[in-house]
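Reproduced below: data_11.cif, with mmCIF, C-alpha atoms.
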data_work
loop_
_atom_site.label_atom_id
_atom_site.label_comp_id
_atom_site.auth_asym_id
_atom_site.auth_seq_id
_atom_site.Cartn_x
_atom_site.Cartn_y
_atom_site.Cartn_z
CA MET A 1 -13.79 8.43 25.38
CA THR A 2 -14.05 9.20 21.68
CA ARG A 3 -14.40 12.74 20.32
CA ARG A 4 -17.95 11.97 19.16
CA CYS A 5 -19.00 10.79 22.64
CA VAL A 6 -17.59 13.98 24.18
CA VAL A 7 -19.43 16.15 21.65
CA ASN A 8 -22.68 14.27 22.22
CA LEU A 9 -22.25 14.48 25.98
CA VAL A 10 -21.72 18.26 25.88
CA CYS A 11 -24.70 18.79 23.57
CA LEU A 12 -26.94 16.53 25.60
CA GLY A 13 -25.83 18.14 28.84
CA ASN A 14 -27.66 21.37 28.09
CA ARG A 15 -30.87 19.48 27.36
CA VAL A 16 -30.60 17.30 30.45
CA VAL A 17 -30.13 20.33 32.73
CA THR A 18 -33.03 22.11 31.03
CA LEU A 19 -35.35 19.15 31.44
CA MET A 20 -34.28 18.54 35.05
CA TYR A 21 -34.13 22.12 36.37
CA GLY A 22 -36.06 24.22 33.85
CA ASN A 23 -33.21 26.61 33.02
CA SER A 24 -33.80 28.62 29.84
CA LEU A 25 -30.56 27.76 28.07
CA ARG A 26 -29.78 28.98 24.59
CA PRO A 27 -30.85 26.31 22.07
CA LEU A 28 -28.25 24.51 19.97
CA HIS A 29 -29.70 25.88 16.72
CA THR A 30 -31.23 29.32 16.45
CA SER A 31 -32.89 30.30 13.20
CA VAL A 32 -32.45 33.60 11.42
CA CYS A 33 -35.60 33.79 9.33
CA ASN A 34 -37.40 36.19 7.07
CA PRO A 35 -41.09 36.58 7.81
CA SER A 36 -43.17 34.79 5.21
CA SER A 37 -44.76 37.17 2.73
CA GLN A 38 -48.51 37.62 2.77
CA PRO A 39 -49.92 38.04 -0.75
CA LYS A 40 -51.46 41.44 -1.41
CA CYS A 41 -54.15 39.84 -3.55
CA GLY A 42 -55.19 36.56 -5.05
CA PHE A 43 -53.03 34.56 -7.41
CA LYS A 44 -54.34 33.02 -10.64
CA PRO A 45 -51.76 31.99 -13.25
CA GLU A 46 -52.64 31.90 -16.94
CA LYS A 47 -50.35 28.99 -17.85
CA VAL A 48 -49.45 26.06 -15.60
CA ALA A 49 -47.11 23.15 -16.23
CA VAL A 50 -48.00 19.94 -14.38
CA VAL A 51 -44.88 17.79 -14.02
CA THR A 52 -45.76 14.18 -13.21
CA LYS A 53 -43.66 11.50 -11.60
CA THR A 54 -42.78 8.17 -13.19
CA THR A 55 -44.67 5.50 -11.28
CA ARG A 56 -43.03 2.19 -10.42
CA TYR A 57 -45.37 0.51 -12.91
CA GLU A 58 -44.22 2.85 -15.69
CA PHE A 59 -40.59 2.40 -14.67
CA GLU A 60 -40.81 -1.38 -14.89
CA GLN A 61 -42.51 -1.13 -18.28
CA GLN A 62 -39.79 1.18 -19.60
CA ARG A 63 -37.06 -0.96 -18.08
CA TYR A 64 -38.02 -4.05 -20.04
CA ARG A 65 -39.62 -2.42 -23.08
CA TYR A 66 -36.56 -2.96 -25.28
CA ALA A 67 -36.43 -6.63 -24.30
CA GLY A 68 -39.76 -7.11 -26.06
CA LEU A 69 -41.53 -8.44 -22.97
CA SER A 70 -45.30 -8.75 -23.08
CA GLU A 71 -47.51 -7.59 -20.22
CA GLU A 72 -47.85 -11.23 -19.12
CA ASP A 73 -44.05 -11.60 -19.14
CA LEU A 74 -43.82 -8.49 -16.96
CA LYS A 75 -46.30 -9.97 -14.49
CA GLN A 76 -44.23 -13.13 -14.15
CA LEU A 77 -40.97 -11.22 -13.86
CA LEU A 78 -42.36 -9.03 -11.10
CA ARG A 79 -43.71 -12.10 -9.32
CA MET A 80 -40.25 -13.68 -9.43
CA LYS A 81 -38.81 -10.53 -7.81
CA GLY A 82 -41.46 -10.62 -5.06
CA SER A 83 -43.35 -7.59 -6.40
CA SER A 84 -47.08 -7.41 -7.01
CA TYR A 85 -48.11 -6.49 -10.55
CA SER A 86 -51.67 -5.73 -9.46
CA GLY A 87 -50.39 -3.60 -6.57
CA LEU A 88 -48.14 -1.55 -8.85
CA LEU A 89 -50.95 -1.08 -11.36
CA GLU A 90 -53.30 0.03 -8.58
CA ARG A 91 -50.86 2.67 -7.32
CA HIS A 92 -50.27 3.82 -10.92
CA ASN A 93 -54.01 4.26 -11.46
CA ILE A 94 -54.37 6.22 -8.21
CA HIS A 95 -51.61 8.58 -9.31
CA THR A 96 -53.05 8.93 -12.83
CA ASN A 97 -56.56 9.68 -11.52
CA ASN A 98 -55.22 12.35 -9.18
CA VAL A 99 -53.24 13.98 -11.98
CA GLU A 100 -56.38 14.03 -14.14
CA HIS A 101 -58.27 15.65 -11.25
CA ILE A 102 -55.64 18.41 -10.99
CA VAL A 103 -55.64 19.05 -14.74
CA LYS A 104 -59.45 19.14 -15.02
CA SER A 105 -59.66 21.54 -12.07
CA LEU A 106 -57.16 23.91 -13.70
CA ARG A 107 -58.84 23.84 -17.11
CA LYS A 108 -62.23 24.41 -15.55
CA GLU A 109 -60.87 27.74 -14.28
CA GLY A 110 -59.73 28.67 -17.80
CA ILE A 111 -56.06 28.03 -17.11
CA GLU A 112 -53.90 26.73 -19.95
CA VAL A 113 -52.23 23.45 -18.91
CA ARG A 114 -49.28 21.42 -20.16
CA VAL A 115 -48.79 17.96 -18.66
CA VAL A 116 -45.12 16.97 -18.75
CA LYS A 117 -43.45 13.73 -17.70
CA ARG A 118 -40.47 14.34 -15.48
CA GLY A 119 -38.14 13.01 -18.16
CA GLU A 120 -39.44 15.71 -20.56
CA TYR A 121 -39.17 18.56 -18.05
CA ASP A 122 -36.65 21.17 -19.22
CA LYS A 123 -35.83 24.89 -19.32
CA GLU A 124 -38.34 25.52 -22.11
CA VAL A 125 -41.19 24.22 -19.93
CA VAL A 126 -40.03 26.42 -17.06
CA ARG A 127 -39.95 29.50 -19.31
CA TRP A 128 -43.44 28.79 -20.68
CA ALA A 129 -45.23 28.39 -17.36
CA ASP A 130 -46.43 31.07 -14.96
CA ALA A 131 -46.46 28.45 -12.21
CA ILE A 132 -45.42 24.81 -11.96
CA ILE A 133 -47.23 22.00 -10.17
CA SER A 134 -45.24 18.98 -9.08
CA ALA A 135 -47.57 15.97 -9.25
CA GLY A 136 -45.90 13.14 -7.36
CA GLY A 137 -43.95 13.11 -4.11
CA ASP A 138 -40.94 14.85 -2.63
CA GLY A 139 -38.60 13.43 -5.29
CA THR A 140 -40.64 15.00 -8.07
CA MET A 141 -40.80 18.28 -6.16
CA LEU A 142 -37.00 18.32 -5.83
CA LEU A 143 -36.57 17.73 -9.55
CA VAL A 144 -39.06 20.47 -10.45
CA ALA A 145 -37.45 22.96 -8.08
CA SER A 146 -33.91 22.27 -9.31
CA LYS A 147 -34.62 23.76 -12.75
CA VAL A 148 -36.54 26.83 -11.56
CA LEU A 149 -33.85 29.50 -11.22
CA SER A 150 -36.17 32.51 -10.77
CA LYS A 151 -37.64 33.31 -7.38
CA ASP A 152 -40.67 34.86 -9.11
CA LYS A 153 -42.05 31.54 -10.40
CA PRO A 154 -44.21 29.68 -7.86
CA VAL A 155 -43.88 25.93 -7.43
CA VAL A 156 -46.65 23.90 -5.79
CA GLY A 157 -46.29 20.26 -4.78
CA VAL A 158 -49.25 17.88 -4.81
CA ASN A 159 -48.88 14.40 -3.35
CA THR A 160 -50.59 12.12 -5.90
CA ASP A 161 -50.21 8.93 -3.83
CA PRO A 162 -50.59 9.96 -0.18
CA GLU A 163 -50.76 6.40 1.15
CA ARG A 164 -47.31 5.51 -0.19
CA SER A 165 -45.51 8.86 -0.29
CA GLU A 166 -44.69 11.12 2.67
CA GLY A 167 -44.82 14.38 0.73
CA HIS A 168 -43.17 16.76 3.24
CA LEU A 169 -42.74 19.33 0.47
CA CYS A 170 -46.30 19.00 -0.84
CA LEU A 171 -49.62 20.51 0.13
CA PRO A 172 -51.53 18.73 2.92
CA VAL A 173 -52.88 15.44 1.56
CA ARG A 174 -56.52 16.47 1.96
CA TYR A 175 -56.05 18.79 -1.05
CA THR A 176 -55.03 15.94 -3.37
CA ARG A 177 -58.66 15.10 -4.10
CA ALA A 178 -59.93 18.62 -3.40
CA PHE A 179 -57.81 20.66 -5.80
CA PRO A 180 -60.63 23.11 -6.71
CA GLU A 181 -60.42 24.25 -3.08
CA VAL A 182 -56.72 25.00 -3.60
CA LEU A 183 -57.50 27.19 -6.61
CA GLU A 184 -60.24 29.00 -4.69
CA LYS A 185 -57.89 29.77 -1.82
CA LEU A 186 -55.23 31.02 -4.23
CA CYS A 187 -57.72 33.27 -6.02
CA ARG A 188 -59.02 34.70 -2.72
CA GLY A 189 -55.53 35.26 -1.33
CA GLU A 190 -56.04 32.79 1.51
CA PHE A 191 -52.46 31.65 1.52
CA ARG A 192 -48.93 32.90 2.17
CA TRP A 193 -45.71 32.60 0.26
CA LEU A 194 -43.01 30.45 1.82
CA TRP A 195 -39.59 31.46 0.48
CA ARG A 196 -37.43 28.36 0.75
CA GLN A 197 -33.70 29.08 0.67
CA ARG A 198 -31.61 27.09 -1.79
CA ILE A 199 -27.97 26.28 -2.42
CA ARG A 200 -25.96 27.46 -5.41
CA LEU A 201 -22.78 25.81 -6.64
CA HIS A 202 -19.61 27.16 -8.26
CA LEU A 203 -17.13 24.66 -9.72
CA GLU A 204 -13.53 25.33 -10.67
CA GLY A 205 -10.15 23.64 -10.92
CA THR A 206 -9.29 20.29 -12.48
CA GLY A 207 -11.00 16.94 -12.17
CA ILE A 208 -14.43 18.37 -12.97
CA ASN A 209 -17.02 17.93 -15.66
CA PRO A 210 -19.77 20.57 -15.52
CA THR A 211 -22.15 18.32 -17.49
CA PRO A 212 -24.36 16.42 -15.02
CA VAL A 213 -25.73 12.88 -15.04
CA ASP A 214 -29.46 12.79 -14.29
CA LEU A 215 -30.20 10.06 -11.76
CA HIS A 216 -33.93 10.63 -11.44
CA GLU A 217 -35.05 8.35 -14.27
CA GLN A 218 -32.21 5.86 -13.95
CA GLN A 219 -31.33 3.13 -11.49
CA LEU A 220 -27.61 2.99 -12.23
CA SER A 221 -25.07 0.54 -10.90
CA LEU A 222 -21.72 1.95 -9.80
CA GLU A 223 -20.16 0.89 -13.12
CA GLN A 224 -23.03 2.42 -15.12
CA HIS A 225 -22.81 5.63 -13.10
CA SER A 226 -19.07 5.97 -13.78
CA GLN A 227 -19.61 5.17 -17.45
CA ALA A 228 -22.33 7.84 -17.70
CA HIS A 229 -19.88 10.42 -16.35
CA ARG A 230 -17.22 9.30 -18.83
CA ILE A 231 -19.69 9.66 -21.70
CA THR A 232 -20.72 13.19 -20.63
CA THR A 233 -17.04 14.10 -20.30
CA MET A 234 -16.29 12.96 -23.87
CA ASP A 235 -19.39 14.76 -25.16
CA SER A 236 -18.24 17.96 -23.45
CA GLN A 237 -14.79 17.63 -24.96
CA ARG A 238 -16.23 17.14 -28.45
CA ARG A 239 -18.48 20.18 -28.11
CA THR A 240 -15.83 22.53 -26.76
CA GLY A 241 -12.75 21.00 -28.40
CA THR A 242 -10.98 21.11 -25.03
CA LEU A 243 -10.26 18.78 -22.18
CA HIS A 244 -12.48 19.20 -19.14
CA GLU A 245 -9.32 19.32 -16.99
CA SER A 246 -8.69 22.78 -18.44
CA PHE A 247 -11.68 24.31 -16.66
CA SER A 248 -10.17 26.69 -14.14
CA LYS A 249 -12.45 29.69 -13.77
CA PRO A 250 -15.33 29.43 -11.28
CA SER A 251 -18.49 28.39 -13.11
CA LEU A 252 -21.97 28.79 -11.60
CA LEU A 253 -23.88 25.59 -12.28
CA PRO A 254 -27.40 25.99 -13.75
CA ILE A 255 -29.05 24.09 -10.92
CA ARG A 256 -30.19 24.92 -7.39
CA SER A 257 -30.44 22.56 -4.44
CA LEU A 258 -33.55 22.64 -2.27
CA ASN A 259 -32.52 19.87 0.14
CA GLU A 260 -28.82 19.11 0.19
CA ILE A 261 -25.52 18.63 -1.61
CA PHE A 262 -23.60 15.43 -0.96
CA ILE A 263 -19.93 15.00 -1.81
CA GLY A 264 -18.21 11.63 -1.60
CA GLU A 265 -16.68 8.64 -3.33
CA SER A 266 -19.04 6.72 -5.61
CA LEU A 267 -18.06 3.49 -3.88
CA SER A 268 -19.56 3.87 -0.43
CA SER A 269 -17.03 1.58 1.27
CA ARG A 270 -14.14 3.83 0.17
CA ALA A 271 -13.20 6.76 2.40
CA SER A 272 -13.65 10.20 0.85
CA TYR A 273 -10.52 12.38 0.98
CA TYR A 274 -10.94 16.13 0.61
CA GLU A 275 -10.03 19.50 2.08
CA ILE A 276 -12.67 21.80 3.53
CA SER A 277 -12.82 25.49 4.39
CA VAL A 278 -15.77 26.94 6.31
CA ASP A 279 -16.56 30.65 5.95
CA ASP A 280 -13.15 31.40 4.40
CA GLY A 281 -11.37 29.78 7.32
CA PRO A 282 -8.24 27.62 7.08
CA TRP A 283 -8.29 24.52 4.90
CA GLU A 284 -8.55 21.26 6.83
CA LYS A 285 -7.71 17.81 5.43
CA GLN A 286 -10.44 15.29 6.12
CA LYS A 287 -11.26 11.68 5.49
CA SER A 288 -14.82 10.55 6.07
CA SER A 289 -17.80 8.76 4.58
CA GLY A 290 -18.71 11.95 2.76
CA LEU A 291 -19.91 15.48 3.36
CA SER A 292 -23.52 16.70 3.42
CA ILE A 293 -24.48 20.39 3.19
CA CYS A 294 -28.17 21.14 3.59
CA THR A 295 -30.75 23.92 3.70
CA GLY A 296 -33.47 24.42 6.30
CA THR A 297 -35.79 22.48 4.00
CA GLY A 298 -33.27 19.64 3.87
CA SER A 299 -32.72 19.65 7.64
CA LYS A 300 -35.74 17.32 7.91
CA ALA A 301 -34.34 14.92 5.33
CA TRP A 302 -30.95 13.18 4.96
CA SER A 303 -29.13 15.61 7.25
CA TYR A 304 -31.56 14.79 10.04
CA ASN A 305 -30.94 11.08 9.68
CA ILE A 306 -27.16 11.58 9.58
CA ASN A 307 -27.16 13.47 12.87
CA LYS A 308 -30.08 12.13 14.89
CA LEU A 309 -29.47 10.03 17.97
CA ALA A 310 -31.24 6.84 19.00
CA GLU A 311 -32.57 6.37 22.52
CA GLN A 312 -29.98 3.64 23.08
CA SER A 313 -27.13 6.09 22.36
CA VAL A 314 -28.66 8.79 24.55
CA GLU A 315 -29.03 6.35 27.43
CA GLU A 316 -25.40 5.27 27.17
CA VAL A 317 -24.16 8.89 27.06
CA LEU A 318 -26.35 9.85 30.04
CA LYS A 319 -24.92 6.95 32.03
CA ILE A 320 -21.42 8.25 31.32
CA GLY A 321 -22.51 11.77 32.27
CA LYS A 322 -24.00 10.51 35.51
CA SER A 323 -20.88 8.59 36.46
CA GLN A 324 -18.55 11.47 35.53
CA THR A 325 -20.49 14.29 37.22
CA GLY A 326 -22.22 12.59 40.13
CA LEU A 327 -25.50 14.28 39.17
CA GLU A 328 -28.72 12.44 39.90
CA ILE A 329 -29.69 12.10 36.23
CA PRO A 330 -32.81 9.95 35.86
CA LEU A 331 -32.38 7.03 33.49
CA ASN A 332 -35.99 5.94 33.11
CA HIS A 333 -37.39 5.43 29.61
CA GLU A 334 -39.67 8.49 29.71
CA PHE A 335 -36.81 10.86 30.51
CA ILE A 336 -34.47 9.29 27.92
CA ALA A 337 -37.19 9.54 25.26
CA LYS A 338 -37.77 13.20 26.13
CA VAL A 339 -34.06 14.08 25.90
CA THR A 340 -33.75 12.18 22.61
CA GLU A 341 -36.75 13.94 21.11
CA GLU A 342 -35.57 17.39 22.14
CA TYR A 343 -32.08 16.79 20.80
CA ASN A 344 -33.34 15.48 17.47
CA GLU A 345 -35.82 18.32 17.11
CA SER A 346 -32.95 20.80 17.52
CA LEU A 347 -31.46 19.50 14.27
CA VAL A 348 -34.35 20.97 12.25
CA PHE A 349 -34.38 24.66 11.29
CA SER A 350 -36.54 26.95 9.17
CA PRO A 351 -36.70 26.60 5.37
CA GLU A 352 -36.29 30.39 5.24
CA ASP A 353 -33.06 30.39 7.26
CA ARG A 354 -30.24 31.82 5.14
CA ARG A 355 -27.58 29.51 6.53
CA LEU A 356 -26.10 26.25 5.36
CA PHE A 357 -25.72 23.29 7.71
CA PHE A 358 -22.82 20.96 7.03
CA SER A 359 -22.34 17.43 8.39
CA VAL A 360 -19.20 15.32 8.14
CA ARG A 361 -20.23 11.68 8.05
CA GLU A 362 -18.11 9.36 10.21
CA PRO A 363 -14.92 11.44 10.20
CA ILE A 364 -11.57 9.66 10.52
CA VAL A 365 -9.47 11.43 13.15
CA ASN A 366 -5.77 10.70 13.61
CA ARG A 367 -2.46 12.57 13.51
CA VAL A 368 -2.89 13.32 9.77
CA PHE A 369 -6.60 13.96 9.42
CA SER A 370 -8.76 16.05 11.73
CA SER A 371 -12.35 17.13 12.15
CA SER A 372 -12.48 20.24 14.30
CA ARG A 373 -16.20 20.61 13.61
CA GLN A 374 -18.24 17.57 12.71
CA ARG A 375 -21.26 19.71 11.93
CA GLY A 376 -22.37 23.31 12.12
CA PHE A 377 -23.86 26.34 10.43
CA ALA A 378 -22.03 28.32 7.77
CA SER A 379 -22.56 30.98 5.13
CA LYS A 380 -20.11 29.39 2.71
CA VAL A 381 -18.35 26.04 2.44
CA CYS A 382 -15.48 25.35 0.04
CA VAL A 383 -14.39 21.79 -0.72
CA ARG A 384 -11.32 20.68 -2.68
CA SER A 385 -11.52 17.07 -3.83
CA ARG A 386 -8.69 14.61 -3.31
CA CYS A 387 -10.90 11.70 -4.35
CA TRP A 388 -10.40 9.14 -7.13
CA ASP A 389 -13.95 8.45 -8.28
CA ALA A 390 -16.19 10.91 -6.51
CA CYS A 391 -19.29 12.84 -7.35
CA MET A 392 -21.24 15.79 -6.05
CA VAL A 393 -24.95 14.93 -5.95
CA VAL A 394 -27.68 17.57 -5.87
CA ASP A 395 -30.87 16.54 -4.06
CA GLY A 396 -30.18 12.89 -4.73
CA GLY A 397 -30.99 13.30 -8.41
CA THR A 398 -28.24 15.11 -10.32
CA SER A 399 -24.62 13.98 -10.19
CA PHE A 400 -21.48 15.95 -11.11
CA GLU A 401 -18.03 14.44 -11.42
CA PHE A 402 -15.88 15.70 -8.55
CA ASN A 403 -12.37 14.26 -8.56
CA ASP A 404 -8.87 15.28 -7.46
CA GLY A 405 -8.29 18.98 -8.08
CA ALA A 406 -11.94 20.01 -8.34
CA ILE A 407 -13.07 22.83 -6.07
CA ALA A 408 -16.70 23.50 -5.15
CA THR A 409 -17.91 26.70 -3.51
CA ILE A 410 -21.26 26.15 -1.84
CA SER A 411 -23.29 29.16 -0.76
CA MET A 412 -26.70 30.83 -0.75
CA SER A 413 -28.09 33.90 -2.47
CA GLU A 414 -31.35 35.72 -1.86
CA GLU A 415 -32.13 35.59 -5.58
CA ASP A 416 -32.19 31.77 -5.46
CA GLN A 417 -35.15 31.50 -3.08
CA LEU A 418 -37.92 29.15 -4.19
CA ARG A 419 -41.43 30.57 -4.01
CA THR A 420 -43.81 27.98 -2.57
CA VAL A 421 -47.32 28.12 -1.15
CA VAL A 422 -48.69 27.58 2.35
CA LEU A 423 -52.48 27.44 2.43
CA GLU A 424 -54.34 28.98 5.34
CA ASN A 425 -56.68 26.64 7.22
#

Mind turning the file's structure into structure tokens?
Amino acid sequence: MTRRCVVNLVCLGNRVVTLMYGNSLRPLHTSVCNPSSQPKCGFKPEKVAVVTKTTRYEFEQQRYRYAGLSEEDLKQLLRMKGSSYSGLLERHNIHTNNVEHIVKSLRKEGIEVRVVKRGEYDKEVVRWADAIISAGGDGTMLLVASKVLSKDKPVVGVNTDPERSEGHLCLPVRYTRAFPEVLEKLCRGEFRWLWRQRIRLHLEGTGINPTPVDLHEQQLSLEQHSQAHRITTMDSQRRTGTLHESFSKPSLLPIRSLNEIFIGESLSSRASYYEISVDDGPWEKQKSSGLSICTGTGSKAWSYNINKLAEQSVEEVLKIGKSQTGLEIPLNHEFIAKVTEEYNESLVFSPEDRRLFFSVREPIVNRVFSSSRQRGFASKVCVRSRCWDACMVVDGGTSFEFNDGAIATISMSEEDQLRTVVLEN
């Protein structure tokens, strides 16, 4: 029996016994949360930046703009790729109309507004605004949050295309076309602050380049991604007059992660080789498909999909458990579905929880490489790269070079919390 099967069997065992006999066992994940802060009074900012996403229609236009394609040429090209020009234009118009609705609602209340495309969003915009509205989906919200370093600046997400975007980090979709109601609730204090914990990153050692590559506005091939890192490395060398290999002191990166950090080789079929230390424990050599470290907010995202179990896997593990223990474990579909759901729900924890959750993807275990803990909570995780062409990606949108000799210290700080809004019903 493989290590993973044993781990899954042990974890599932608690849930099976609970469901069969009703014992109140300690859950796999317990959250240590701060109570959400109730506002003492209403909130009405004077200046608001509205950061808008790039729609697929806009992206396709920008992609072929330099080729001199006409709108008719774009239609034909999209048709050849199996995409609908009219469908993309329709979704673009829905997004645009919803952004206009947000902006008009703000200005009607006497609030100064700056509308900024996500490619134009920078530190100056963050400094100018009293609050920032992310007008798009979760991807736009992650980008907006990454540049807000102060916990005193509220960020509000509005899903501008609810039919095509999930928007877990955004306000409920009914407020997309009823934004004046949002402003009324804020003014009357009918809301609470949700302080989402975030990850901070320190880089040191060799094999690093502290200048990031922005992936949000680009669809880069592996070769283009590597070239972009080489270009930023040369730019950094020209500016500082030094080689990036000489960076040795820990440097706090000017970015915060709301969802997760991923570390791994750029080529997904190549095993990632690194050393890991959890909470200042001993260093352990590992080879795997990469390492994910998430927040409570991110526990519903990639981390959840890395660790969740399918009903088929649960059924197979329960069969092994039944044969090994002799217990009368029911194997009907209803029971298997219930165990699966409870296990998967245990992977999610509070956005206000001040712990990291790390996941080793598909660890290779042999006499050289080990994986004593495939996943778990931590206060701090240190990773030393032994990779050839690796990167450390923040929230799927910002990539840092992370090759042999680079060391990342991943932790949380109370000052990095992101102030978001939960509206009362």

| d(atom CA of Thr297 of chain A, atom CA of Ile199 of chain A) in Å | 10.8 Å

| What do you get, as a ChimeraX atom specification, if you spell out every residue that the PyMOL selection byres ((chain A and resi 54-64) around 10) selects here? | /A:51-53,65-71,73-74,77-78,85-93,95-96,117-119,135-136,140,161,216-219

| message | From the options A:His168, A:Lys338, A:Lys147, A:Arg361, which residue's atoms come nearest to Ser272 of chain A, counting all atoms listed in the file? | response | A:Arg361

| request: Taking the file above as input, evaluate the PyMOL selection byres ((chain A and resi 156-159) around 10) and report the hits as a PyMOL selection string. | output: chain A and resi 50-52+95+98-99+102+131-138+140-142+144-145+154-155+160-177+179+419-422

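Picked out by the PyMOL selection byres ((chain A and resi 373) around 10) when it runs on this file: Val7, Val278, Phe358, Ser359, Val360, Pro363, Ser370, Ser371, Ser372, Gln374, Arg375 and Gly376 of chain A.
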
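Distance check against Lys123 of chain A using all atoms listed in the file: of A:Ala378, A:Val48, A:Cys387, A:Ile255, the minimum falls on A:Ile255.
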